[in-house]
Amino acid sequence: MSDKSDNQRSWGRRKVVRALGALPLGIILASQLSWAAPATTTGQAVTDDTVTVGILHSLTGTMAISETGAQEAEKLAIKQINESGGILGRQIKIIQEDGASDWPTFAEKSRKLLVNDKVAAVFGCWTSASRKAALPVFEKENGLLYYPTFYEGLEQSKNVIYTGQEATQQILDGLNWVAKEKGAKTFYLIGSDYIWPRTSMKIARKHIENVLGGKVVGEEYKPLGDTQFGSVINKIRLKKPDVIYAAVVGGSNVAWFKQLKAAGITSKKQTLLTISVTEDEVLGIGGENLEGFYSIMKYFQSQDNPNNVAFVKAFKEMWGEDSVIGDVTQAAYLGPWLWKAAVEKAGTFDVDAVVKASEEGDIELTTAPEGYVKLHPNHHLWSKARVGMWKKDGQAEVVYTSELIEPDPFPEGYQ
Amino acid sequence: MSFVYEKLFGDKKGMVGFCILAALILVVFPLFLDSFRLNLVGKYLTYAFAAVSLVLLWGYGGTLSLGQGIFFGIGGYAMAMFLKLEASSPENTAIQSTPGIPDFMDWNQLTELPMFWMPFNSFTFTIIAVLVVPTIFAYIIGAAMFKRRVGGVYFAIITQVISVILTVLIVGQQGLTGGINGITDLRTLNGWDITSDSAKNLFYFINCFLLLGVIIASRFILTSKFGRLLLAMRDKEDRVRFSGYDVANFKIFIFCFAAMISAIGGAMFTLQVGFMSPSFVGIVPSIEMVIFAAIGGRMSLIGAVYGTLLINFGKTAFSESFPELWLFLMGGLFIAVVMFFPNGLAGLWEDYGHHITKRFAFLKRFFAKGKIESTSVDGKLEGAN
């Protein structure tokens, strides 16, 4: 364009300074121009020797601390798949986008990955809110999302494979265990105030009252990010429950456990079972603050099996000796492998074919760090529940392992 | 004719700017951007409503509101409630314990639709609610503040606090509002699929026309006597009061008008993006809206639109190219704009715009003579007007 050449004419020094100021503007305009050049090949970003996938987690903002592990595990899995020859003879290329802890951004970036980059699959999302925001995009554009987090269930989309556990897989066995092992009869439920803790507590209450014959002596929700647990702790002291059943998430956990300890409520006198604390959270809370308390998850870093030993070693080699691996990180690691298995079975990257292959109920991973998982036709995984007792060093000792539990995202009688 | 020219477009300068903006968003973007990018621009332009409202309120009125997200959010939520009710027909929600109510209510053990949701079954009511509810809310806040002569920093703080309160309320009452997830999965408007590309393109143009309409209406306000009073109040409030004007009423009016504009943006946002969440109500979006206006130039209605576009293009482009570094680049962009163009993009245009017009002068000759002369515009600085 002629105005461009015109602009380059002998500019004075002052103008150069101005021009420097305009540089960001130029960068943006340039990137707009590159937008205009469309990559309008139909179908997916698959060439003769590569296939492109997306990774969509928060790299910035409040969720970054939780989601980092997940995206690291996904990159590790993809690297390992590439080293072992890729999928259908193709190397996997990654396009990473930042969800920025902002739900609308997840929707925007999902659309970008699917429409612009035409990725064959996306590994991503962490919070339910981000998944709910991105879900309509995946359904509209017929994309494929591997979602790693344990969550509340009540959802089953054709376009999502849930590699974490839905609520019943996590909750019921934990309650059974604590009732049997600890003789627990009375429960105090406490959680952060949003959909996952509320749904989980709803299921827990039904199970406690109808199946275990126990009693819920208190149920309390605190706003996300709240750090004042004094009044709850006082109520707990009054009610003296056999078990504190907790689903406090994120940064609130630090305050919650420290204030419990400060109030003298420790594992010596009180049983506490939480469904929201993994190794990642313990890093922030400090092992000494929840020593002796229990978490129920499907995976703990300390699990002693050959798959897990190899996984932990590879993870630390890639991401540093100090990194810890929590439940969601492991579930995220399963995503690319499950996708590989389904694609190879289908013989194509086509989403409909991959989903169909996934729904036949015979995709299984014998190499999963958590042991063995199998994909159920309802898009969730068969997995085992494990109770871990926290130790001072921030690792858990697995004290109970269940049988393989069938995923049931819409549990009857718990609605 | 001169009324239209002077009052609605603000003379030659305003007219040129307005036409360039209109050409850009109505012709250039739709021609050169694919559907996905166009939808993104449409989303950015919904924020421009709030930025324009801040030019009126802050640039001209001197009253900084750090709570425009409140009104953007109310408008967006009103629209989302209507769309959600339509999406929650008993057939679509047969899997729930109580079919026919929005899914998040079912998760929160509600068994019937709350009273205040009922009217949102009507589209007409929803449109009215989008316009009227934020205006009434703004009137209550405005009357409570301005009648007591609360202004300046205190007003900014109070609006910010209200936006926090509203966020907490929405997040806390998740059975009624969808909580932190917001109201998601909106698909149809009176049976018409709003997720299709054609619908999104149509919304884009509706959005553009509404925005241009809002700019014209705002220009009309600013070029009227009221606009001059607004400036006078900003610079010497007491003198205006001593001249016998009821300052508070003028401020309330402009605050209400700004609220209504923002709410239109919010409603358009919901339509184009397909959901609404409390993350558009709180402090961060409210301050972002102020940044849009500041970057654009807080005295320029049209600059506010460019400011919004620049920041959001930057956000998207940087975060796509450098997912781990983009926040730093955004920071750099803010610093650069504030350092080099303290009056925002509009200030830049004011100072250097005529050079650009001059550089394009050869085009005139081109059309006149039919060939390009080797122009040698040396670009010497002339005294800015």
# chains A, B, ... in the order shown; residues from 1 in each chain; ligands from 1
call {"tool": "residues_around", "arguments": {"residues": "range 189-198 of chain B", "least_positions_apart": "5", "cutoff": "12 Å", "atoms": "only C-alpha atoms", "output": "MDAnalysis selection string"}}
result
(chainID A and resid 111 115 136:141) or (chainID B and resid 34:39 79:87 89 121:124 126 203:205 268 270:275)
call {"tool": "select_by_dssp", "arguments": {"residues": "range 155-314 of chain B", "states": "strand (DSSP E)", "output": "ChimeraX atom specification"}}
result
/B:188-189,192-193
call {"tool": "interface_residues", "arguments": {"of": "chain B", "to": "chain A", "cutoff": "7 Å", "atoms": "only C-alpha atoms", "output": "list in words"}}
result
Phe32, Leu33, Ser97, Trp107, Gly172, Gly179, Ile180, Asn181, Thr184, Asp185, Phe313, Gly314, Ala317, Ser319, Glu320, Pro323, Glu324, Leu333, Ala336, Val337 and Phe340 of chain B
call {"tool": "closest_residue", "arguments": {"among": "A:Thr168, A:Thr278, A:Ser402, A:Thr186", "to": "Tyr151 in chain A", "atoms": "only C-alpha atoms"}}
result
A:Thr168
call {"tool": "select_by_dssp", "arguments": {"residues": "range 26-217 of chain B", "states": "helix (DSSP H, G or I)", "output": "MDAnalysis selection string"}}
result
chainID B and resid 26:32 35:60 68:87 103:107 115:121 123:146 152:172 174:177 179:181 197:217
call {"tool": "atom_distance", "arguments": {"atom1": "CA of Gly250 in chain A", "atom2": "CA of Ala64 in chain A"}}
result
10.9 Å
call {"tool": "residues_around", "arguments": {"residues": "Pro90 in chain B", "least_positions_apart": "4", "cutoff": "6 Å", "atoms": "only C-alpha atoms", "output": "PyMOL selection string"}}
result
chain B and resi 94+99-100
call {"tool": "write_last_selection", "arguments": {"atoms": "C-alpha atoms", "output": "PDB file, in the first residue's frame"}}
result
ATOM      1  CA  ALA B  94     -36.368 -33.960  30.625  1.00  0.00           C
ATOM      2  CA  PRO B  99     -38.057 -30.465  33.969  1.00  0.00           C
ATOM      3  CA  GLY B 100     -38.770 -27.043  32.561  1.00  0.00           C
TER       4      GLY B 100
END
call {"tool": "closest_residue", "arguments": {"among": "B:Met105, B:Ile158, B:Ala267, B:Leu348", "to": "Ala144 in chain B", "atoms": "only C-alpha atoms"}}
result
B:Ile158
call {"tool": "atom_distance", "arguments": {"atom1": "CA of Val53 in chain A", "atom2": "CA of Pro336 in chain A"}}
result
9.5 Å
call {"tool": "residues_around", "arguments": {"residues": "range 320-335 of chain A", "least_positions_apart": "2", "cutoff": "6 Å", "atoms": "only C-alpha atoms", "output": "list in words"}}
result
Gly69, Ala70, Ala73, Glu74, Ala77, Tyr146, Pro148, Thr149, Thr163, Gly164, Thr278, Glu279, Asp280, Tyr299, Gln301, Lys316, Glu317, Trp337 and Leu338 of chain A
call {"tool": "write_last_selection", "arguments": {"atoms": "C-alpha atoms", "output": "PDB file, in the first residue's frame"}}
result
ATOM      1  CA  GLY A  69       0.259 -29.399  36.430  1.00  0.00           C
ATOM      2  CA  ALA A  70      -2.456 -30.495  34.034  1.00  0.00           C
ATOM      3  CA  ALA A  73       1.182 -33.686  32.110  1.00  0.00           C
ATOM      4  CA  GLU A  74      -0.529 -33.317  28.756  1.00  0.00           C
ATOM      5  CA  ALA A  77       2.074 -37.496  27.331  1.00  0.00           C
ATOM      6  CA  TYR A 146     -10.572 -34.188  27.049  1.00  0.00           C
ATOM      7  CA  PRO A 148      -9.265 -33.838  33.341  1.00  0.00           C
ATOM      8  CA  THR A 149     -10.859 -32.622  36.568  1.00  0.00           C
ATOM      9  CA  THR A 163     -10.906 -38.334  32.377  1.00  0.00           C
ATOM     10  CA  GLY A 164     -11.480 -37.300  35.976  1.00  0.00           C
ATOM     11  CA  THR A 278      -4.431 -33.203  46.228  1.00  0.00           C
ATOM     12  CA  GLU A 279      -0.641 -33.005  46.344  1.00  0.00           C
ATOM     13  CA  ASP A 280      -0.858 -29.660  44.532  1.00  0.00           C
ATOM     14  CA  TYR A 299      -4.608 -41.168  42.309  1.00  0.00           C
ATOM     15  CA  GLN A 301       1.771 -39.596  43.693  1.00  0.00           C
ATOM     16  CA  LYS A 316      10.227 -34.920  37.151  1.00  0.00           C
ATOM     17  CA  GLU A 317      12.775 -35.218  34.363  1.00  0.00           C
ATOM     18  CA  TRP A 337      -3.269 -41.606  25.602  1.00  0.00           C
ATOM     19  CA  LEU A 338      -7.016 -42.233  25.538  1.00  0.00           C
TER      20      LEU A 338
END
call {"tool": "atom_distance", "arguments": {"atom1": "CA of Asp226 in chain A", "atom2": "CA of Ile190 in chain A"}}
result
12.6 Å
call {"tool": "residues_around", "arguments": {"residues": "range 238-241 of chain A", "least_positions_apart": "2", "cutoff": "12 Å", "atoms": "only C-alpha atoms", "output": "PyMOL selection string"}}
result
chain A and resi 183-190+214-219+231-236+243-245+265+269-273
